[in-house]
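Please read the structure below before turning to the comments.
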Amino acid sequence: MERSVSYPARGLTLAHGSLKLEELTLPLSSFLFPLEAGLGRLFRIASALLLCCALAPRAAAQQTDVTLETSESLFSVLAAINACGYDQELATSDPLRMQVRAEVASAVQASASAATAQRQLCAFYRDHQQPDASRDYAQYISLALNLDEPPGFQLKVREADLPPDASYVLGFVPLLQRFYVDTGLHGLWLKHQAAYEAQVERLHDPVANMLLATKTAYLRMSDSSYLGRRFAVYVEPMGAPGQVNARNYGLDYFLVLSPRGDTLPMDAIRHTYLHYILDPFALKRQGAMKRLEPLLESVKSAPLDETFHQDIVLLVNESIIRAIEARTSGSGGKEGEAEREQRAEAAEREGYILTLYFFDALRVFEKNPVGLQDAYPDWLFNIDVGALRKHAGEITFSREAAPEALLVSRPERAGVLDLAESKLASGEVAAAQRLAQQVLDQQSDNPARALFILARAATLSRDMPGARAYFERTLEMAREPRILAWSHIYLARIFDLQENRDVAVQHYRAALAAGDTTPDTRAAAERGLAEPYQPPSARP
């Protein structure tokens, strides 16, 4: 299932020996897998400071679910297509883009092998070029997000699970490997890495404030670790200024942006973040969504992407998001309220026929103390399908709709484990266990991931012997560096809490050697080597 495209307090208790249970109750975010990892700075919510800063790059702060990052793989792919004729909005781009292009050109001129590598690379680029520059750019973003770090640029997923646009340009990878080495792209990345980090730092506070206003202030959602899920924002000045690509692969959400001066695409960032928040709510309420499927008949003539005509979950959540965007836009007073309602009506004319319903529900929501977790089920339950179908029949749909900001790719074979991760993140431990065990019993793909889910579910069930056994089985089967690393880290923390420091140190060292280079993994393992793990309640 795909939609397109390019957009211009739970605890963990251990029992061992003389350790007291009440001393070992750990917040999920402190012990379990914080999958908000990346290659750059981490967003944080510091509730102890009255939420005055939603994001912070320091590891000492409480972790939340978003990262602001840079990526050498993205840089390499985009530097390569820039060398082959990707010139979109070049004149108004960040000066760094022009500088890198000039340095790559100099490297090509100075080396016959680099010149040959460029010719081969650019022949492929021309053969796969799209008529629209934004779509041409988007397919290489899709590819880059699915590549591991250079110089290998190995696929992070099976080739069969690649999004179609990434599959189309997969032959770019072996040519990129040679181009990367012959032109010295790694040296250029190291040279300009500080400039990338400076851009990350500049974007930090505006994005933090926006996320805080959206999640905590408006939706009244508490912070959580969002275990098993990830939302990463990549800053990449090698693209056209203002260019934004948002992607959803399984439970992971990515947004790649190229800033235009001091102007940030906040609407696109928030839109993707709202999907990240809301999509799991819909996925775990399939029964309620099934009841709403007759509404799909009402949008057959609407100018929506075909996936919205076929998937009620997409239609419902996009309508909620459009309603939230409308409710939080405009000025105050009656004039501002009229503007907001007009925006909701415009969304309905595009085909998002539940927008006004959710717009009115949000009016009530804003006056009550409940948060999104409590309000969402009632919103679905109170939908009168017959009345909404009648309302939709009275809408004169627009001739066209704005392109949806988020491209979704959810391979069917990953569906059961994706749902298990979603159940685990929402605290439905027994349901997550059943789904993961189903994958194991059927000898389906990715048993290591299923075992990893069972291990984390065991920790939530306070079954430490079971957790240890599942983590150890995960290590026997896993090949993915991140799962390997965090299985070692979990085991190390268990041994630390059991005062078996020697074994804990062995696992921390194994985590560092597992091949996962993301900052949170390194930081967790290095902290564990520096001192034994302590529950937050035991820390000074």
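Chains: A, B, ... in order of the structure tokens. Residues: from 1 per chain. Ligands: from 1, in order shown.
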Counting only C-alpha atoms, give me one row per residue of range 218-302 of chain A with an atom at most 10 Å from an atom of range 367-389 of chain A, showing the shortest contact pair and its distance in Å to one decimal, sorted by chain then residue number, as JSON lines.
{"residue": "A:Tyr218", "atom": "CA", "partner": "A:Gly371", "partner_atom": "CA", "distance": 8.7}
{"residue": "A:Leu219", "atom": "CA", "partner": "A:Leu372", "partner_atom": "CA", "distance": 5.5}
{"residue": "A:Arg220", "atom": "CA", "partner": "A:Gly371", "partner_atom": "CA", "distance": 4.7}
{"residue": "A:Met221", "atom": "CA", "partner": "A:Gly371", "partner_atom": "CA", "distance": 5.9}
{"residue": "A:Ser222", "atom": "CA", "partner": "A:Gly371", "partner_atom": "CA", "distance": 8.6}
{"residue": "A:Ile277", "atom": "CA", "partner": "A:Leu372", "partner_atom": "CA", "distance": 9.8}
{"residue": "A:Leu278", "atom": "CA", "partner": "A:Tyr376", "partner_atom": "CA", "distance": 9.1}
{"residue": "A:Phe281", "atom": "CA", "partner": "A:Tyr376", "partner_atom": "CA", "distance": 7.7}
{"residue": "A:Ala282", "atom": "CA", "partner": "A:Tyr376", "partner_atom": "CA", "distance": 9.0}
{"residue": "A:Arg285", "atom": "CA", "partner": "A:Pro377", "partner_atom": "CA", "distance": 8.3}
{"residue": "A:Ala288", "atom": "CA", "partner": "A:Leu380", "partner_atom": "CA", "distance": 6.7}
{"residue": "A:Met289", "atom": "CA", "partner": "A:Leu380", "partner_atom": "CA", "distance": 7.9}
{"residue": "A:Arg291", "atom": "CA", "partner": "A:Val385", "partner_atom": "CA", "distance": 8.2}
{"residue": "A:Leu292", "atom": "CA", "partner": "A:Val385", "partner_atom": "CA", "distance": 6.5}
{"residue": "A:Glu293", "atom": "CA", "partner": "A:Val385", "partner_atom": "CA", "distance": 9.0}
{"residue": "A:Pro294", "atom": "CA", "partner": "A:Val385", "partner_atom": "CA", "distance": 7.6}
{"residue": "A:Leu295", "atom": "CA", "partner": "A:Arg389", "partner_atom": "CA", "distance": 6.2}
{"residue": "A:Leu296", "atom": "CA", "partner": "A:Arg389", "partner_atom": "CA", "distance": 9.2}
{"residue": "A:Glu297", "atom": "CA", "partner": "A:Arg389", "partner_atom": "CA", "distance": 8.5}
{"residue": "A:Ser298", "atom": "CA", "partner": "A:Arg389", "partner_atom": "CA", "distance": 6.3}
{"residue": "A:Val299", "atom": "CA", "partner": "A:Arg389", "partner_atom": "CA", "distance": 9.5}
(request) Point out the residue among A:Arg229, A:His271, A:Arg202, A:Arg399 with the least atom-to-atom distance to Ala302 in chain A, counting only C-alpha atoms. (result)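 The closest residue to Ala302 in chain A is A:Arg399.
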Selection near range 489-498 of chain A, 6 Å with only C-alpha atoms, sequence-local residues under 4 positions removed, as a CSV table (one decimal) with all heavy atoms, in the first residue's frame:
chain,number,residue,atom,x,y,z
A,504,ALA,N,28.0,-8.2,32.5
A,504,ALA,CA,27.4,-7.0,32.0
A,504,ALA,C,28.4,-6.3,31.1
A,504,ALA,O,28.0,-5.8,30.0
A,504,ALA,CB,26.9,-6.1,33.1
A,507,HIS,N,28.7,-7.8,27.7
A,507,HIS,CA,27.6,-7.5,26.8
A,507,HIS,C,27.6,-6.0,26.3
A,507,HIS,O,27.3,-5.7,25.1
A,507,HIS,CB,26.2,-7.7,27.5
A,507,HIS,CG,25.8,-9.2,27.5
A,507,HIS,ND1,25.4,-9.8,26.4
A,507,HIS,CD2,25.8,-10.1,28.5
A,507,HIS,CE1,25.1,-11.1,26.7
A,507,HIS,NE2,25.3,-11.3,28.0
A,508,TYR,N,28.0,-5.1,27.1
A,508,TYR,CA,28.2,-3.7,26.7
A,508,TYR,C,29.3,-3.6,25.5
A,508,TYR,O,29.1,-2.9,24.5
A,508,TYR,CB,28.6,-2.8,27.8
A,508,TYR,CG,27.5,-2.5,28.8
A,508,TYR,CD1,27.7,-2.7,30.2
A,508,TYR,CD2,26.3,-2.0,28.4
A,508,TYR,CE1,26.7,-2.4,31.1
A,508,TYR,CE2,25.3,-1.7,29.3
A,508,TYR,CZ,25.5,-1.9,30.6
A,508,TYR,OH,24.5,-1.6,31.5
A,532,PRO,N,28.0,0.9,36.3
A,532,PRO,CA,26.9,0.0,36.3
A,532,PRO,C,25.6,0.7,36.1
A,532,PRO,O,25.4,1.9,36.5
A,532,PRO,CB,27.0,-0.7,37.6
A,532,PRO,CG,28.4,-0.5,38.1
A,532,PRO,CD,28.8,0.8,37.5
A,533,TYR,N,24.7,0.1,35.4
A,533,TYR,CA,23.4,0.7,35.2
A,533,TYR,C,22.6,0.8,36.5
A,533,TYR,O,22.6,-0.1,37.3
A,533,TYR,CB,22.6,-0.2,34.2
A,533,TYR,CG,21.2,0.3,34.0
A,533,TYR,CD1,20.9,1.4,33.1
A,533,TYR,CD2,20.1,-0.3,34.6
A,533,TYR,CE1,19.7,1.9,32.9
A,533,TYR,CE2,18.8,0.2,34.4
A,533,TYR,CZ,18.6,1.3,33.6
A,533,TYR,OH,17.3,1.8,33.4
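One finds CA of Ala530 in chain A at 11.4 Å from CA of Arg501 in chain A.
If you measure from each of A:Gly351, A:Pro237, A:Pro150, A:Gly330 to Ile395 in chain A using only C-alpha atoms, the closest one turns out to be A:Gly351.
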Could you give me, as a tab-separated table, every range 201-311 of chain A residue with an atom at most 12 Å from range 86-90 of chain A, plus its closest atom pair and distance in Å to one decimal, counting only C-alpha atoms, rows ordered by chain then number?
residue	atom	partner	partner_atom	distance
A:Pro237	CA	A:Leu90	CA	10.8
A:Met238	CA	A:Leu90	CA	9.4
A:Gly239	CA	A:Gln88	CA	7.8
A:Ala240	CA	A:Glu89	CA	5.4
A:Pro241	CA	A:Glu89	CA	6.9
A:Gly242	CA	A:Glu89	CA	9.6
A:Gln243	CA	A:Glu89	CA	9.8
A:Ser258	CA	A:Glu89	CA	11.3
A:Arg260	CA	A:Glu89	CA	10.6
Would you mind exporting the chosen residues as a CSV table (one decimal), in the first residue's frame, restricted to all heavy atoms?
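Done, and the output landed in part.csv:
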chain,number,residue,atom,x,y,z
A,237,PRO,N,21.1,19.9,2.7
A,237,PRO,CA,21.1,21.1,1.9
A,237,PRO,C,21.5,20.8,0.4
A,237,PRO,O,21.5,21.7,-0.4
A,237,PRO,CB,22.2,22.0,2.5
A,237,PRO,CG,23.1,21.0,3.3
A,237,PRO,CD,22.1,19.9,3.8
A,238,MET,N,21.8,19.5,0.0
A,238,MET,CA,22.1,19.2,-1.3
A,238,MET,C,20.9,19.1,-2.2
A,238,MET,O,21.0,18.9,-3.4
A,238,MET,CB,22.9,17.9,-1.4
A,238,MET,CG,24.3,18.0,-0.8
A,238,MET,SD,25.4,19.2,-1.6
A,238,MET,CE,25.7,18.5,-3.2
A,239,GLY,N,19.7,19.3,-1.6
A,239,GLY,CA,18.5,19.3,-2.4
A,239,GLY,C,18.0,20.7,-2.7
A,239,GLY,O,18.6,21.7,-2.2
A,240,ALA,N,17.0,20.8,-3.6
A,240,ALA,CA,16.4,22.1,-3.9
A,240,ALA,C,15.9,22.7,-2.6
A,240,ALA,O,15.2,22.1,-1.8
A,240,ALA,CB,15.3,21.9,-4.9
A,241,PRO,N,16.1,24.0,-2.4
A,241,PRO,CA,15.6,24.7,-1.2
A,241,PRO,C,14.1,24.6,-1.1
A,241,PRO,O,13.4,24.8,-2.1
A,241,PRO,CB,16.1,26.1,-1.4
A,241,PRO,CG,16.3,26.3,-2.9
A,241,PRO,CD,16.8,24.9,-3.3
A,242,GLY,N,13.6,24.3,0.1
A,242,GLY,CA,12.2,24.1,0.4
A,242,GLY,C,11.7,22.7,0.0
A,242,GLY,O,10.5,22.4,0.3
A,243,GLN,N,12.5,21.9,-0.5
A,243,GLN,CA,12.1,20.5,-0.9
A,243,GLN,C,11.9,19.7,0.3
A,243,GLN,O,12.8,19.7,1.2
A,243,GLN,CB,13.2,19.9,-1.8
A,243,GLN,CG,12.8,18.5,-2.4
A,243,GLN,CD,11.9,18.6,-3.6
A,243,GLN,OE1,10.9,18.0,-3.6
A,243,GLN,NE2,12.2,19.5,-4.6
A,258,SER,N,15.3,20.2,2.8
A,258,SER,CA,16.4,21.1,2.4
A,258,SER,C,15.9,22.5,2.8
A,258,SER,O,15.0,23.1,2.1
A,258,SER,CB,16.7,21.0,0.9
A,258,SER,OG,17.1,19.7,0.6
A,260,ARG,N,15.2,26.5,3.2
A,260,ARG,CA,15.3,27.6,2.3
A,260,ARG,C,15.6,28.8,3.2
A,260,ARG,O,14.7,29.5,3.8
A,260,ARG,CB,13.9,27.9,1.6
A,260,ARG,CG,14.0,29.0,0.6
A,260,ARG,CD,12.6,29.3,0.0
A,260,ARG,NE,12.1,28.2,-0.8
A,260,ARG,CZ,12.3,28.0,-2.1
A,260,ARG,NH1,13.2,28.8,-2.7
A,260,ARG,NH2,11.8,26.9,-2.7
(message) For a test of reading the model, state the distance in Å between CA of Ser319 in chain A and CA of Leu354 in chain A, rounded to one decimal.
(response) 5.4 Å
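The set of residues in range 163-391 of chain A assigned to strand (DSSP E) by DSSP, using only backbone atoms of this structure, is Arg230, Phe231, Ala232, Val233, Tyr234, Val235, Val244, Asn245, Ala246, Arg247, Asn248, Tyr249, Asp252, Tyr253, Phe254, Leu255, Val256 and Leu257 of chain A.
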(request) Could you check how far CA of Leu484 in chain A sits from CA of Asp516 in chain A, in Å to one decimal? (result) 8.3 Å
(request) Apply DSSP to the structure's backbone, then extract all residues of range 235-420 of chain A labelled helix (DSSP H, G or I) and return them as a ChimeraX atom specification. (result) /A:266-283,286-299,306-310,312-327,333-350,355-367,372-381,385-393,412-420
(request) Write out as a ChimeraX atom specification which residues come within 10 Å of Ile141 in chain A when counting only C-alpha atoms, dropping same-chain ones fewer than 4 positions away. (result) /A:6,73-74,77-78,135-137,145-146,165-166,239,245-247,255-256
Using only C-alpha atoms, which protein or nucleic acid residues come within 10 Å of Ala346 in chain A? Drop anything in the same chain fewer than 2 positions from it, and give the result as an mmCIF file with N, CA, C and O atoms, in the first residue's frame.
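File written: out_38.cif
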data_model
loop_
_atom_site.group_PDB
_atom_site.id
_atom_site.type_symbol
_atom_site.label_atom_id
_atom_site.label_comp_id
_atom_site.auth_asym_id
_atom_site.auth_seq_id
_atom_site.Cartn_x
_atom_site.Cartn_y
_atom_site.Cartn_z
ATOM 1 N N ARG A 322 -6.237 16.851 8.908
ATOM 2 C CA ARG A 322 -6.689 18.094 8.287
ATOM 3 C C ARG A 322 -7.519 18.919 9.274
ATOM 4 O O ARG A 322 -7.452 20.151 9.280
ATOM 5 N N ALA A 326 -6.588 22.600 10.647
ATOM 6 C CA ALA A 326 -7.537 23.710 10.526
ATOM 7 C C ALA A 326 -7.780 24.359 11.883
ATOM 8 O O ALA A 326 -7.783 25.596 11.996
ATOM 9 N N ARG A 340 -10.774 29.164 9.963
ATOM 10 C CA ARG A 340 -10.495 27.763 10.286
ATOM 11 C C ARG A 340 -11.570 26.843 9.702
ATOM 12 O O ARG A 340 -11.263 25.783 9.159
ATOM 13 N N GLU A 341 -12.819 27.251 9.826
ATOM 14 C CA GLU A 341 -13.893 26.431 9.286
ATOM 15 C C GLU A 341 -13.814 26.352 7.765
ATOM 16 O O GLU A 341 -14.074 25.302 7.171
ATOM 17 N N GLN A 342 -13.444 27.441 7.132
ATOM 18 C CA GLN A 342 -13.279 27.430 5.674
ATOM 19 C C GLN A 342 -12.177 26.457 5.261
ATOM 20 O O GLN A 342 -12.294 25.763 4.238
ATOM 21 N N ARG A 343 -11.116 26.392 6.050
ATOM 22 C CA ARG A 343 -10.040 25.456 5.736
ATOM 23 C C ARG A 343 -10.522 24.006 5.855
ATOM 24 O O ARG A 343 -10.178 23.155 5.022
ATOM 25 N N ALA A 344 -11.335 23.718 6.871
ATOM 26 C CA ALA A 344 -11.880 22.372 7.017
ATOM 27 C C ALA A 344 -12.814 22.037 5.858
ATOM 28 O O ALA A 344 -12.796 20.913 5.332
ATOM 29 N N GLU A 348 -12.660 18.991 2.918
ATOM 30 C CA GLU A 348 -13.757 18.104 2.538
ATOM 31 C C GLU A 348 -13.994 18.124 1.035
ATOM 32 O O GLU A 348 -14.286 17.084 0.429
ATOM 33 N N ARG A 349 -13.850 19.274 0.429
ATOM 34 C CA ARG A 349 -14.039 19.348 -1.019
ATOM 35 C C ARG A 349 -12.958 18.568 -1.765
ATOM 36 O O ARG A 349 -13.167 18.135 -2.903
ATOM 37 N N GLU A 350 -11.799 18.390 -1.143
ATOM 38 C CA GLU A 350 -10.762 17.552 -1.750
ATOM 39 C C GLU A 350 -11.090 16.071 -1.605
ATOM 40 O O GLU A 350 -10.501 15.233 -2.300
ATOM 41 N N GLY A 351 -12.009 15.732 -0.700
ATOM 42 C CA GLY A 351 -12.403 14.340 -0.518
ATOM 43 C C GLY A 351 -12.254 13.814 0.890
ATOM 44 O O GLY A 351 -12.676 12.688 1.176
ATOM 45 N N TYR A 352 -11.683 14.590 1.789
ATOM 46 C CA TYR A 352 -11.503 14.151 3.173
ATOM 47 C C TYR A 352 -12.794 14.444 3.926
ATOM 48 O O TYR A 352 -12.912 15.416 4.675
ATOM 49 N N THR A 355 -13.604 15.559 7.739
ATOM 50 C CA THR A 355 -12.856 16.668 8.339
ATOM 51 C C THR A 355 -13.740 17.545 9.211
ATOM 52 O O THR A 355 -13.360 17.888 10.347
ATOM 53 N N LEU A 356 -14.911 17.936 8.733
ATOM 54 C CA LEU A 356 -15.785 18.801 9.535
ATOM 55 C C LEU A 356 -16.287 18.069 10.781
ATOM 56 O O LEU A 356 -16.458 18.689 11.837
ATOM 57 N N PHE A 397 -17.106 18.149 -4.979
ATOM 58 C CA PHE A 397 -15.671 17.938 -4.858
ATOM 59 C C PHE A 397 -14.896 18.846 -5.804
ATOM 60 O O PHE A 397 -15.354 19.186 -6.899
ATOM 61 N N SER A 398 -13.692 19.209 -5.370
ATOM 62 C CA SER A 398 -12.789 20.013 -6.190
ATOM 63 C C SER A 398 -12.315 19.193 -7.391
ATOM 64 O O SER A 398 -12.416 17.963 -7.406
ATOM 65 N N ALA A 401 -6.844 17.723 -5.903
ATOM 66 C CA ALA A 401 -6.458 17.817 -4.499
ATOM 67 C C ALA A 401 -4.965 18.032 -4.401
ATOM 68 O O ALA A 401 -4.196 17.589 -5.262
#
